[in-house]
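J.: One structure, pasted below without further comment.
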Amino acid sequence: MNVTVRGHTRHYRTVTFDREKNHILLIEQRLLPHRFEIIATQDFRETAQAIRDMVVRGAGAIGATAAYGLAQGVRAFRGSDAGRFRGHVQTVYTTLKEARPTAVDPVNAMNEVRRAMSAGKTVAEKQVLALNAAEEFANEDVRHCEAIGRHGVKLIRNGMRILTHCNAGWLAFVDIGSATAPLYAAQARGKKFHVFCDETRPRSQGATLTAWELAQQGISHQIIADNAAGHLMQRREIDLVIVGSDRTLGRTGEVANKIGTYTKAVLAKRHDIPFYVGIPLSTIDWELKSGLAIPIEERDAGEVLGAWGAISNPQSAIRNPRTGRPAYVRVANPTSGARNPGFDVTPADLITGIITPAGIFKPQELWPQRRKLGFVERDMIVKNGARCRV
Ligand code: MRU
């Protein structure tokens, strides 16, 4: 999407690859909305660290970063010994996979890269194929988000008030976003609507990232406290909910997404408000049979006990809210601890529809419609290097 910084507008992708330097270029999302910076990771360990520390975050974006990270690691291998190379690839794969456990996109993305590499005979050939496959994953992510926009746009009518949670925007993908794709498509068609961004504690991706994206794009929006959605729904001030997903189970239609999504789905059901989820095909997990089996990331307690923002002298902050130094402040009682699950799982019966690049489906239709949703290409899963049938 286009980003305007200090009066200059330029198109950016969230994740790109510098072939010459073998670096991955990432928008430093922890600094947004206060500062816009691109950073480079120089090797696969730094790339895994960037995923872990949430320099880059969001299912599709970490999927593309992991795909590039695998290619980066593979390209850094020196020599031609096939056995050593296999061991190296496994180390890179595992390091990137373990960076964040809940989103399935990194695993699906790296499996695509490995599948492509298997067509190469030599280390050199595999190195070329790895980067081509990572580029293809990134490009496909963009195409999928565009298609989500084309299908989802029909859900948005003039005058609607739409709730979204966390950031499933272009920063969470390579471009465009999943939950935001229908919004951007509706804006392009001249529709007028208003978005409520859940603040999304503890890391506030709604207040910082989604709000920044929508502001950049000129879309009418307001940030609400996470606890405010029920009140607005009760007063008929929300007409539609669209969220993203970090892992959607193809067999059951359950959706893992940022913590607090389940609560919003329960509220939407109670108030008879349509609840949609936008996903590219790389977010579908065809393997797991129950949402209870989804690994839910437990993050550092410090995220709950404090908050990030930009510190400045209060007087200058009032005059110019854009100034300030990024900082973390402790909010909670100093002697208290915290529990911090990063995601929750929304059951299929609370979801009105899943907006995919292949159309909008009821969650229960994913499995019967699996051929349309990429299952054929994905029915062989690479598990720790070994190929096995699902
Ligand atoms: O912890 P994050 O920021 O990586 O979480 C991912 C998310 O932003 C959300 O869960 C999002 O709604 C789905 S990712 C497209």
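By convention here, the chains of the structure tokens are called A, B, ... in the order presented, each chain's residues are numbered starting at 1, and ligands are numbered starting at 1 in the order presented.
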Could I get the residues of chain A with an atom no further than 7 Å from an atom of ligand 1, each paired with its nearest atom pair and that distance in Å to one decimal, using only C-alpha atoms and all ligand atoms, sorted by chain and residue number, as a Markdown table?
T.:
```
| residue | atom | partner | partner_atom_place_in_ligand_line | distance |
| --- | --- | --- | --- | --- |
| A:Met54 | CA | ligand 1 | 4 (O) | 6.8 |
| A:Arg57 | CA | ligand 1 | 4 (O) | 3.9 |
| A:Gly58 | CA | ligand 1 | 4 (O) | 3.8 |
| A:Ala59 | CA | ligand 1 | 14 (S) | 4.1 |
| A:Gly60 | CA | ligand 1 | 15 (C) | 6.0 |
| A:His165 | CA | ligand 1 | 12 (O) | 6.1 |
| A:Cys166 | CA | ligand 1 | 12 (O) | 5.0 |
| A:Asn167 | CA | ligand 1 | 8 (O) | 4.3 |
| A:Ala168 | CA | ligand 1 | 15 (C) | 4.0 |
| A:Gly169 | CA | ligand 1 | 15 (C) | 7.0 |
| A:Ala172 | CA | ligand 1 | 15 (C) | 5.1 |
| A:Phe173 | CA | ligand 1 | 15 (C) | 6.6 |
| A:Ser178 | CA | ligand 1 | 15 (C) | 6.4 |
| A:Gln205 | CA | ligand 1 | 3 (O) | 6.3 |
| A:Val243 | CA | ligand 1 | 12 (O) | 5.7 |
| A:Gly244 | CA | ligand 1 | 12 (O) | 4.0 |
| A:Ser245 | CA | ligand 1 | 13 (C) | 4.2 |
| A:Asp246 | CA | ligand 1 | 13 (C) | 4.9 |
| A:Asn257 | CA | ligand 1 | 10 (O) | 4.2 |
| A:Lys258 | CA | ligand 1 | 10 (O) | 3.6 |
| A:Gly342 | CA | ligand 1 | 1 (O) | 6.4 |
| A:Phe343 | CA | ligand 1 | 10 (O) | 6.8 |
```
J.: Name all residues at most 8 Å from Gly73 of chain A (count only C-alpha atoms; drop same-chain ones fewer than 2 positions away) and give them as a list in words.
T.: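 Listed by chain and then number, they are Asp43, Phe44, Gly69, Leu70, Ala71, Arg75, Ala76, Phe77, Val89 and Val92 of chain A.
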J.: With DSSP run on the backbone, what are the strand (DSSP E or B) residues within segment 198-372 of chain A? I'd like them as a VMD selection string.
T.: chain A and resid 198 221 to 224 240 to 243 247 to 249 255 to 258 275 to 278 284 to 285 298 306 to 311 325 to 330 341 343 to 346 353 to 356 359 to 361
J.: What lies within 10 Å of segment 3-18 of chain A using only C-alpha atoms, ignoring chain neighbours under 3 positions off, as a ChimeraX atom specification?
T.: /A:21-29,35-36,38,40-41,56-57,60-65,68-69,71-72,131,134-135,138,142,170-176,212-213,216-217
J.: Could you write out that same residue set with N, CA and C atoms as a short mmCIF file (atom, residue, chain, number, x, y, z; two decimals), in the first residue's frame?
T.:
```cif
data_model
loop_
_atom_site.label_atom_id
_atom_site.label_comp_id
_atom_site.auth_asym_id
_atom_site.auth_seq_id
_atom_site.Cartn_x
_atom_site.Cartn_y
_atom_site.Cartn_z
N LYS A 21 22.27 -8.70 -1.38
CA LYS A 21 22.86 -8.77 -0.03
C LYS A 21 22.38 -10.00 0.75
N ASN A 22 21.39 -10.71 0.21
CA ASN A 22 20.76 -11.83 0.92
C ASN A 22 20.15 -11.36 2.25
N HIS A 23 19.54 -10.17 2.20
CA HIS A 23 18.89 -9.60 3.39
C HIS A 23 17.38 -9.59 3.20
N ILE A 24 16.67 -9.64 4.31
CA ILE A 24 15.21 -9.44 4.25
C ILE A 24 14.92 -8.04 4.79
N LEU A 25 14.11 -7.31 4.05
CA LEU A 25 13.77 -5.94 4.46
C LEU A 25 12.37 -5.94 5.06
N LEU A 26 12.28 -5.40 6.25
CA LEU A 26 11.01 -5.43 7.00
C LEU A 26 10.65 -4.03 7.49
N ILE A 27 9.37 -3.73 7.46
CA ILE A 27 8.91 -2.51 8.13
C ILE A 27 8.99 -2.80 9.64
N GLU A 28 9.64 -1.93 10.39
CA GLU A 28 9.80 -2.13 11.85
C GLU A 28 8.46 -1.78 12.51
N GLN A 29 7.61 -2.80 12.68
CA GLN A 29 6.23 -2.53 13.10
C GLN A 29 6.13 -2.08 14.57
N ARG A 35 6.96 6.10 14.23
CA ARG A 35 8.10 6.23 13.33
C ARG A 35 8.00 5.16 12.25
N PHE A 36 8.38 5.52 11.01
CA PHE A 36 8.35 4.55 9.91
C PHE A 36 9.78 4.23 9.51
N ILE A 38 12.55 1.03 7.89
CA ILE A 38 12.77 -0.29 7.30
C ILE A 38 14.05 -0.85 7.91
N ALA A 40 16.86 -4.34 8.06
CA ALA A 40 17.30 -5.50 7.27
C ALA A 40 17.75 -6.59 8.22
N THR A 41 17.30 -7.84 7.97
CA THR A 41 17.86 -8.96 8.74
C THR A 41 18.92 -9.62 7.86
N VAL A 56 8.18 -7.92 12.71
CA VAL A 56 7.19 -8.26 11.69
C VAL A 56 6.21 -9.21 12.37
N ARG A 57 4.92 -9.01 12.12
CA ARG A 57 3.91 -9.88 12.74
C ARG A 57 2.70 -9.93 11.83
N GLY A 60 0.18 -13.63 7.37
CA GLY A 60 0.76 -13.67 6.02
C GLY A 60 2.16 -13.06 6.00
N ALA A 61 2.36 -12.02 6.79
CA ALA A 61 3.67 -11.35 6.80
C ALA A 61 4.73 -12.26 7.40
N ILE A 62 4.39 -12.98 8.46
CA ILE A 62 5.42 -13.88 9.02
C ILE A 62 5.55 -15.13 8.14
N GLY A 63 4.48 -15.46 7.39
CA GLY A 63 4.59 -16.55 6.41
C GLY A 63 5.62 -16.19 5.34
N ALA A 64 5.48 -15.00 4.78
CA ALA A 64 6.42 -14.57 3.73
C ALA A 64 7.82 -14.40 4.30
N THR A 65 7.90 -13.89 5.53
CA THR A 65 9.23 -13.69 6.15
C THR A 65 9.91 -15.04 6.39
N TYR A 68 11.08 -16.36 2.99
CA TYR A 68 12.33 -15.67 2.61
C TYR A 68 13.47 -16.08 3.55
N GLY A 69 13.15 -16.26 4.83
CA GLY A 69 14.17 -16.64 5.81
C GLY A 69 14.77 -18.00 5.48
N ALA A 71 14.84 -19.30 2.44
CA ALA A 71 15.66 -19.07 1.24
C ALA A 71 16.99 -18.39 1.62
N GLN A 72 16.90 -17.45 2.55
CA GLN A 72 18.10 -16.73 3.00
C GLN A 72 19.11 -17.71 3.61
N LEU A 131 14.63 -19.40 -3.43
CA LEU A 131 14.26 -17.98 -3.46
C LEU A 131 13.09 -17.74 -4.41
N ALA A 134 10.01 -18.60 -2.56
CA ALA A 134 9.67 -17.61 -1.52
C ALA A 134 9.03 -16.38 -2.18
N GLU A 135 9.61 -15.96 -3.31
CA GLU A 135 9.03 -14.82 -4.04
C GLU A 135 7.61 -15.16 -4.48
N ALA A 138 5.19 -14.87 -1.63
CA ALA A 138 4.88 -13.46 -1.33
C ALA A 138 3.91 -12.89 -2.37
N VAL A 142 -0.23 -11.61 -2.02
CA VAL A 142 -0.84 -10.36 -2.51
C VAL A 142 -2.06 -10.69 -3.37
N TRP A 170 -2.66 -4.61 5.76
CA TRP A 170 -1.53 -4.93 4.87
C TRP A 170 -0.24 -5.16 5.63
N LEU A 171 -0.14 -4.58 6.84
CA LEU A 171 1.06 -4.83 7.65
C LEU A 171 1.13 -6.29 8.13
N ALA A 172 -0.02 -6.95 8.18
CA ALA A 172 -0.05 -8.35 8.62
C ALA A 172 0.14 -9.31 7.45
N PHE A 173 0.24 -8.74 6.24
CA PHE A 173 0.44 -9.55 5.04
C PHE A 173 1.57 -8.91 4.23
N VAL A 174 1.72 -9.34 3.00
CA VAL A 174 2.74 -8.69 2.17
C VAL A 174 2.20 -7.36 1.66
N ASP A 175 0.90 -7.33 1.42
CA ASP A 175 0.23 -6.10 1.00
C ASP A 175 -1.28 -6.30 1.18
N ILE A 176 -2.03 -5.24 1.19
CA ILE A 176 -3.50 -5.19 1.17
C ILE A 176 -4.18 -5.67 2.45
N TRP A 212 -3.37 3.26 12.05
CA TRP A 212 -2.38 3.95 11.20
C TRP A 212 -2.64 3.65 9.73
N GLU A 213 -2.88 2.38 9.43
CA GLU A 213 -3.17 2.00 8.03
C GLU A 213 -4.40 2.74 7.50
N GLN A 216 -3.69 6.32 6.94
CA GLN A 216 -2.88 6.49 5.72
C GLN A 216 -3.77 6.42 4.48
N GLN A 217 -4.79 5.55 4.57
CA GLN A 217 -5.64 5.29 3.41
C GLN A 217 -6.84 6.24 3.36
#
```
J.: Which residue gives the smallest distance to Ala179 of chain A among A:Arg157, A:Lys97, A:Arg203, A:His144, with only C-alpha atoms counted?
T.: A:His144
J.: Quick one, how far is atom CA of Ile224 of chain A from atom CA of Cys197 of chain A?
T.: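 Going from atom CA of Ile224 of chain A over to atom CA of Cys197 of chain A covers 6.0 Å.
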J.: Would you please give, as a ChimeraX atom specification, all residues of segment 10-118 of chain A that DSSP assigns to alpha helix (DSSP H) based on the backbone?
T.: /A:44-52,59-75,82-97,105-117
J.: Using only C-alpha atoms, please write the residues we just selected to a file, as a CSV table (one decimal), in the first residue's frame.
T.:
```
chain,number,residue,atom,x,y,z
A,44,PHE,CA,18.1,-16.6,9.2
A,45,ARG,CA,18.7,-16.3,12.9
A,46,GLU,CA,18.2,-12.6,12.9
A,47,THR,CA,15.1,-13.2,10.7
A,48,ALA,CA,13.7,-15.7,13.3
A,49,GLN,CA,14.4,-13.1,16.0
A,50,ALA,CA,12.5,-10.4,14.1
A,51,ILE,CA,9.5,-12.7,13.9
A,52,ARG,CA,9.8,-13.6,17.6
A,59,ALA,CA,0.0,-14.4,9.7
A,60,GLY,CA,0.8,-13.7,6.0
A,61,ALA,CA,3.7,-11.4,6.8
A,62,ILE,CA,5.4,-13.9,9.0
A,63,GLY,CA,4.6,-16.6,6.4
A,64,ALA,CA,6.4,-14.6,3.7
A,65,THR,CA,9.2,-13.7,6.1
A,66,ALA,CA,9.7,-17.4,7.0
A,67,ALA,CA,9.7,-18.3,3.3
A,68,TYR,CA,12.3,-15.7,2.6
A,69,GLY,CA,14.2,-16.6,5.8
A,70,LEU,CA,14.4,-20.2,4.6
A,71,ALA,CA,15.7,-19.1,1.2
A,72,GLN,CA,18.1,-16.7,3.0
A,73,GLY,CA,19.5,-19.6,5.1
A,74,VAL,CA,19.6,-21.9,2.1
A,75,ARG,CA,21.5,-19.4,0.0
A,82,ALA,CA,24.2,-33.0,0.1
A,83,GLY,CA,24.1,-34.5,3.6
A,84,ARG,CA,25.4,-31.4,5.3
A,85,PHE,CA,23.1,-29.3,3.2
A,86,ARG,CA,20.0,-31.3,4.3
A,87,GLY,CA,21.0,-30.9,8.0
A,88,HIS,CA,21.5,-27.1,7.4
A,89,VAL,CA,18.0,-26.8,5.8
A,90,GLN,CA,16.4,-28.6,8.7
A,91,THR,CA,18.1,-26.3,11.2
A,92,VAL,CA,16.9,-23.2,9.3
A,93,TYR,CA,13.4,-24.6,9.0
A,94,THR,CA,13.1,-25.5,12.7
A,95,THR,CA,14.5,-22.2,13.9
A,96,LEU,CA,12.0,-20.2,11.8
A,97,LYS,CA,9.1,-22.5,12.6
A,105,ASP,CA,1.3,-19.6,7.5
A,106,PRO,CA,5.1,-19.8,8.2
A,107,VAL,CA,4.8,-23.6,8.2
A,108,ASN,CA,2.7,-23.7,5.0
A,109,ALA,CA,5.0,-21.2,3.3
A,110,MET,CA,8.2,-23.0,4.2
A,111,ASN,CA,6.7,-26.3,3.1
A,112,GLU,CA,6.1,-24.8,-0.3
A,113,VAL,CA,9.7,-23.6,-0.5
A,114,ARG,CA,10.9,-27.1,0.4
A,115,ARG,CA,8.6,-28.7,-2.1
A,116,ALA,CA,10.0,-26.4,-4.8
A,117,MET,CA,13.6,-27.2,-3.7
```
J.: Could you name the residues that touch segment 227-241 of chain A at 9 Å or less, counting only C-alpha atoms, but leaving out those on the same chain fewer than 2 positions away, as a PyMOL selection string?
T.: chain A and resi 155-156+160-165+196+198+224-225+243+264-265+267-268+271+273-277
J.: Would you mind exporting C-alpha atoms of the selected residues as a short mmCIF file (atom, residue, chain, number, x, y, z; two decimals), in the first residue's frame?
T.:
```cif
data_model
loop_
_atom_site.label_atom_id
_atom_site.label_comp_id
_atom_site.auth_asym_id
_atom_site.auth_seq_id
_atom_site.Cartn_x
_atom_site.Cartn_y
_atom_site.Cartn_z
CA LEU A 155 -20.66 -7.40 2.31
CA ILE A 156 -20.09 -3.68 2.71
CA MET A 160 -22.11 0.63 7.54
CA ARG A 161 -20.19 0.63 10.81
CA ILE A 162 -17.67 -2.19 10.80
CA LEU A 163 -15.73 -3.60 13.74
CA THR A 164 -12.30 -5.14 13.31
CA HIS A 165 -9.91 -6.66 15.82
CA PHE A 196 -14.19 0.75 14.71
CA ASP A 198 -10.54 -2.63 18.70
CA ILE A 224 -12.39 1.75 20.78
CA ALA A 225 -11.30 0.14 24.03
CA VAL A 243 -11.42 -10.13 11.45
CA LYS A 264 -16.35 -10.43 19.93
CA ALA A 265 -17.82 -13.42 18.11
CA LEU A 267 -21.17 -10.73 21.35
CA ALA A 268 -21.89 -10.57 17.62
CA HIS A 271 -26.73 -9.24 18.86
CA ILE A 273 -24.48 -9.12 13.82
CA PRO A 274 -22.73 -10.89 10.91
CA PHE A 275 -19.23 -12.05 11.84
CA TYR A 276 -16.80 -12.71 8.96
CA VAL A 277 -13.19 -13.88 8.80
#
```
J.: With distances taken over only C-alpha atoms, which of A:Gly306, A:Pro357, A:Gly177, A:Pro341 is nearest to Gly260 of chain A?
T.: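 Once distances to Gly260 of chain A are computed over only C-alpha atoms, the minimum belongs to A:Pro341.
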J.: Can you work out which one of A:Arg251, A:His34, A:Arg299, A:His194 has the shortest atom-to-atom distance to Arg100 of chain A, counting only C-alpha atoms?
T.: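 With only C-alpha atoms as the atom set, the closest residue is A:Arg299.
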J.: From the list A:Leu373, A:Ile259, A:Leu209, A:Ala358, which residue is nearest Arg143 of chain A when using only C-alpha atoms?
T.: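 Counting only C-alpha atoms, the residue closest to Arg143 of chain A is A:Ala358.
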J.: Work out how far apart atom CA of Ala130 of chain A and atom CA of Thr283 of chain A are and give it in Å to one decimal.
T.: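 We find that atom CA of Ala130 of chain A and atom CA of Thr283 of chain A lie 20.5 Å from each other.
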J.: Can you pull out every residue within 8 Å of Ile284 of chain A, counting only C-alpha atoms, but drop anything in the same chain fewer than 6 positions away, and send it as a list in words?
T.: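 Contacts, with the query itself left out: Val104, Asp105, Arg247, Thr248, Leu249 and Gly250 of chain A.
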J.: Rounded to one decimal in Å, what is the spacing between atom CA of Glu146 of chain A and atom CA of Ile242 of chain A?
T.: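 Rounded to one decimal, the two atoms are 15.7 Å apart.
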